[in-house]
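> Following this message is one structure expressed as structure tokens.
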Amino acid sequence: MSHTLSKTAGPAAVLAANAGQPKNIQTFGVVGAGLMARQLVLLVADKLRIPVLISDLSTDRVSAALHRMRGHLDRQEARGKLRPGEAAEIAGLIRGTTDPSKFSGCDAAIEAVSEDQRTKRSVFRQLEDHIEPDALLLTNTSSLSVTDMARGLNHPGRVLGFHFFNPVAVLPLVELVRTPLSSEIALATAWSLAGALGKTAIAVADAPGFVVNRLLTRLFSEILAEIDRGGDPVTVDRSLAPWGLPMTPLQLIGYIGPTVQQHICDTLHRAYPDRFGRSASLTAVVKTGLPGFFDENGKVPLEALILSAEPHGVDPDRVRLRVRRALAQEAQLLLDEGVVATWDDINRCMTLGANFPTGGLTRLLET
């Protein structure tokens, strides 16, 4: 199969490095104490060596997060990843709180709470009561509207998407999401911050799923649709093996977390219902509370629930063709809508954020 791939598109969310004079970040705050929040705290404390504040609703959650981060640092030092004494030095920069007023001295803060718009807007409203008007407000949302989070705030121009990928210490991409309300100085500060953290920022417009999750979810949607109509889950899942992706689709859903991925699927279904469906099989996995489609032996434990249609044979070539066509369509729409500027941006997003092989999406489409 061949594709004609245009190299550029119309109006795009292009961010120049000299958009303005960046604000100096001397203190940083993270709202949330889950896995992503802890990774962000460790990244900032390690790379910037500045004070970092982590908060959550309960003292127990904050204490547990501090304990886990110190344990991680000690293990890194024991393995030689940190110099002797560095674990204590970095840990000494990290403080915990349940009091939003403690963020008053932060030059930037990022929320990494549950993927719920109402919750994230509430966090930003609380922060705005305490931080300075020019302090940066960042969201690590994977799919929700950053513009909606900024609306109604007193200073919406300092709100940006700053989407990291798991594991934060390994994957170099940050999707830097600009809204129509974003100020130039906020953009310049976020751009500078990403570089100081050792990350590659790619400017994207505020659109559901941004780039990486929109393309991955389109891929998942096609795979899950094959399973929902009766295709053997293992055979369907292995259909993309010739592409050399780091994980199979169902393995990746397990890594992301079925509940998180269902939130992303729902967001994209509401935005683009003709291309992103709701999956009965994914819903079954989420309802049962399992961490993924496979058990520890690589078997599908929910076969009776997943197969909602008469079982049928699977042609891996046909599945690959279906997924390739879907990804080609979605990528071109990203360009046409101005979510990113070029095919190079898409390829860098997929290699740096989703660990696609060299050449990114273009290589798969032109294979």
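How things are named: the first chain in the structure tokens is A, the next is B, and so on; residues count from 1 in each chain; ligands count from 1 in the order shown.
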Can you list, as JSON, numbers by chain, every protein, DNA or RNA residue that comes within 7 Å of region 236-238 of chain A when you count only C-alpha atoms, leaving out same-chain residues fewer than 3 positions away?

{"A": [223, 227, 231, 232, 233, 241, 248, 249, 250, 314, 316]}

> Based on the selection just made, write N, CA and C atoms of those residues as an mmCIF file, in the first residue's frame.


```cif
data_model
loop_
_atom_site.group_PDB
_atom_site.id
_atom_site.type_symbol
_atom_site.label_atom_id
_atom_site.label_comp_id
_atom_site.auth_asym_id
_atom_site.auth_seq_id
_atom_site.Cartn_x
_atom_site.Cartn_y
_atom_site.Cartn_z
ATOM 1 N N ILE A 223 -8.080 -1.851 16.514
ATOM 2 C CA ILE A 223 -7.777 -3.167 17.077
ATOM 3 C C ILE A 223 -8.937 -3.671 17.938
ATOM 4 N N ILE A 227 -11.645 -7.012 17.742
ATOM 5 C CA ILE A 227 -11.917 -7.944 18.842
ATOM 6 C C ILE A 227 -13.403 -7.950 19.179
ATOM 7 N N GLY A 231 -13.066 -11.253 16.629
ATOM 8 C CA GLY A 231 -11.705 -11.682 16.319
ATOM 9 C C GLY A 231 -10.983 -12.171 17.559
ATOM 10 N N ASP A 232 -10.199 -13.223 17.425
ATOM 11 C CA ASP A 232 -9.432 -13.741 18.554
ATOM 12 C C ASP A 232 -8.489 -12.656 19.061
ATOM 13 N N PRO A 233 -8.578 -12.289 20.358
ATOM 14 C CA PRO A 233 -7.783 -11.168 20.863
ATOM 15 C C PRO A 233 -6.275 -11.333 20.661
ATOM 16 N N ALA A 241 2.749 -7.114 14.623
ATOM 17 C CA ALA A 241 4.116 -7.518 14.967
ATOM 18 C C ALA A 241 5.152 -7.139 13.909
ATOM 19 N N THR A 248 2.722 -4.626 21.878
ATOM 20 C CA THR A 248 1.499 -4.855 21.119
ATOM 21 C C THR A 248 0.428 -3.898 21.633
ATOM 22 N N PRO A 249 -0.639 -3.664 20.871
ATOM 23 C CA PRO A 249 -1.669 -2.724 21.329
ATOM 24 C C PRO A 249 -2.259 -3.072 22.697
ATOM 25 N N LEU A 250 -2.584 -4.353 22.918
ATOM 26 C CA LEU A 250 -3.191 -4.718 24.195
ATOM 27 C C LEU A 250 -2.185 -4.651 25.335
ATOM 28 N N VAL A 314 -9.118 -14.435 11.790
ATOM 29 C CA VAL A 314 -8.485 -13.118 11.668
ATOM 30 C C VAL A 314 -7.405 -13.177 10.598
ATOM 31 N N PRO A 316 -4.296 -11.253 9.568
ATOM 32 C CA PRO A 316 -3.410 -10.187 10.044
ATOM 33 C C PRO A 316 -3.106 -9.132 8.977
#
```

> Mind running region 170-281 of chain A against region 105-127 of chain A at 9 Å and telling me each contacting residue's nearest atom pair with the distance in Å (one decimal), counting only C-alpha atoms, chain and number ascending, as a tab-separated table?


```
residue	atom	partner	partner_atom	distance
A:Val260	CA	A:Glu115	CA	7.5
A:His263	CA	A:Glu115	CA	7.2
A:Ile264	CA	A:Glu115	CA	8.6
```

> For the residues selected in the previous step, produce a file with N, CA and C atoms as a compact mmCIF listing (two decimals), in the first residue's frame.


```txt
# COMPACT_ATOMS: atom_id res chain seq x y z
N VAL A 260 -7.52 4.53 32.50
CA VAL A 260 -7.00 5.76 31.91
C VAL A 260 -7.27 5.78 30.41
N HIS A 263 -10.83 6.58 29.57
CA HIS A 263 -11.09 8.02 29.66
C HIS A 263 -10.68 8.72 28.36
N ILE A 264 -9.49 8.36 27.86
CA ILE A 264 -9.01 8.97 26.62
C ILE A 264 -9.92 8.59 25.45
```

> Can you measure CA of Leu153 (chain A) to CA of Ser192 (chain A) for me? One decimal in Å is fine.

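Interatomic distance here is 23.9 Å.
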
> Counting only C-alpha atoms, figure out which residue out of A:Thr141, A:Ser55, A:Thr200, A:Asn347 gets nearest to Arg95 (chain A).

A:Ser55

> For a quick check of understanding, using only C-alpha atoms, which of A:Asn355, A:Ser63, A:Asn24, A:Thr367 has the smallest distance to Asp134 (chain A)?

A:Asn24

> Which parts of region 192-363 of chain A does DSSP call strand (DSSP E) when run on the backbone here, written out as a list in words?

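The strand (DSSP E) residues within region 192-363 of chain A come out as Thr200, Ala201, Ile202, Ala203, Val204 and Ala205 of chain A.
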
> Could you write out the selected residues, including N, CA and C atoms, as a CSV table (one decimal), in the first residue's frame?


```csv
chain,number,residue,atom,x,y,z
A,200,THR,N,12.4,17.3,25.0
A,200,THR,CA,12.1,17.9,23.7
A,200,THR,C,10.7,18.3,23.6
A,201,ALA,N,10.5,19.6,23.6
A,201,ALA,CA,9.1,20.1,23.5
A,201,ALA,C,8.7,20.3,22.0
A,202,ILE,N,7.5,19.8,21.8
A,202,ILE,CA,6.9,19.9,20.4
A,202,ILE,C,5.6,20.7,20.6
A,203,ALA,N,5.5,21.8,19.9
A,203,ALA,CA,4.3,22.7,20.0
A,203,ALA,C,3.1,22.0,19.4
A,204,VAL,N,2.0,21.9,20.1
A,204,VAL,CA,0.8,21.4,19.5
A,204,VAL,C,-0.4,22.3,19.9
A,205,ALA,N,-1.4,22.3,19.1
A,205,ALA,CA,-2.6,23.1,19.4
A,205,ALA,C,-3.5,22.3,20.4
```

> Identify which of the residues A:Met149, A:His155, A:Thr288, A:Thr358 lies closest to Ala186 (chain A), counting only C-alpha atoms when measuring atom-to-atom distances.

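Of A:Met149, A:His155, A:Thr288, A:Thr358, the one nearest Ala186 (chain A) is A:His155, counting only C-alpha atoms.
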
> Quick one, how far is CA of Lys102 (chain A) from CA of Leu35 (chain A)?

21.7 Å

> Just want the 10 Å neighbourhood of Val41 (chain A), counted on only C-alpha atoms, with same-chain residues fewer than 4 positions away dropped. Output as a PyMOL selection string.

chain A and resi 28-31+33+36-37+45-46+51-54+66+69+93-95+110

> Keeping only N, CA and C atoms, take the residues you just selected and write them out as a compact mmCIF listing (two decimals), in the first residue's frame.


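Here's the written file again-v3.txt:
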```
# COMPACT_ATOMS: atom_id res chain seq x y z
N PHE A 28 9.14 25.05 42.47
CA PHE A 28 8.20 24.32 41.61
C PHE A 28 7.24 23.54 42.48
N GLY A 29 5.99 23.42 42.01
CA GLY A 29 4.98 22.67 42.75
C GLY A 29 4.30 21.62 41.89
N VAL A 30 3.95 20.50 42.49
CA VAL A 30 3.24 19.43 41.81
C VAL A 30 2.02 19.05 42.64
N VAL A 31 0.84 19.11 42.03
CA VAL A 31 -0.40 18.73 42.71
C VAL A 31 -0.74 17.30 42.31
N ALA A 33 -0.19 12.99 44.07
CA ALA A 33 0.88 12.18 44.66
C ALA A 33 0.92 10.79 44.05
N MET A 36 2.62 9.44 38.19
CA MET A 36 3.12 10.51 37.32
C MET A 36 3.60 11.70 38.14
N ALA A 37 2.84 12.06 39.17
CA ALA A 37 3.23 13.20 40.01
C ALA A 37 4.59 12.96 40.65
N ALA A 45 13.40 18.00 40.69
CA ALA A 45 14.39 18.12 41.76
C ALA A 45 15.78 17.70 41.27
N ASP A 46 15.84 16.66 40.45
CA ASP A 46 17.12 16.16 39.96
C ASP A 46 17.73 17.10 38.93
N PRO A 51 13.91 23.75 45.06
CA PRO A 51 12.88 23.20 45.94
C PRO A 51 11.62 22.82 45.16
N VAL A 52 11.06 21.65 45.50
CA VAL A 52 9.86 21.15 44.85
C VAL A 52 8.85 20.75 45.93
N LEU A 53 7.63 21.19 45.75
CA LEU A 53 6.55 20.91 46.69
C LEU A 53 5.57 19.93 46.06
N ILE A 54 5.20 18.87 46.78
CA ILE A 54 4.19 17.93 46.30
C ILE A 54 3.01 17.96 47.27
N LEU A 66 6.38 10.66 49.56
CA LEU A 66 7.72 11.04 49.98
C LEU A 66 8.58 9.81 50.28
N MET A 69 9.53 8.10 46.94
CA MET A 69 10.53 8.85 46.19
C MET A 69 11.91 8.71 46.83
N LEU A 93 15.42 18.51 48.81
CA LEU A 93 14.74 19.59 48.08
C LEU A 93 13.22 19.38 48.02
N ILE A 94 12.74 18.21 48.40
CA ILE A 94 11.34 17.85 48.21
C ILE A 94 10.59 17.97 49.53
N ARG A 95 9.49 18.70 49.50
CA ARG A 95 8.62 18.84 50.67
C ARG A 95 7.20 18.41 50.29
N ILE A 110 2.41 22.29 38.38
CA ILE A 110 1.77 21.40 37.41
C ILE A 110 0.80 20.50 38.15
```

> What's the 9 Å shell around Asn213 (chain A), counting only C-alpha atoms, without same-chain residues fewer than 2 positions away, as a list in words?

Ser142, Ser143, Pro208, Gly209, Phe210, Val211, Leu215, Leu216, Thr217, Arg218, Ile264 and Ala354 of chain A

> Work out how far CA of Arg322 (chain A) is from CA of Cys349 (chain A), in Å to one decimal.

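We find that CA of Cys349 (chain A) and CA of Arg322 (chain A) lie 22.0 Å from each other.
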
> Calculated over only C-alpha atoms, which of the candidates A:Trp343, A:Trp191, A:Phe356, A:Phe165 has the smallest distance to Ile256 (chain A)?

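Residue with the minimum atom-to-atom distance to Ile256 (chain A): A:Phe165.
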
> Here is a test: counting only C-alpha atoms, which residue of A:Thr342, A:Ser58, A:Gln251, A:Thr97 is nearest to Gly298 (chain A)?

A:Gln251

> Need to verify the contact set: Ser104 (chain A), 8 Å, only C-alpha atoms, exclusion of same-chain residues closer than 5 positions in sequence. Can you return it as JSON, numbers by chain?

{"A": [130, 131, 132]}
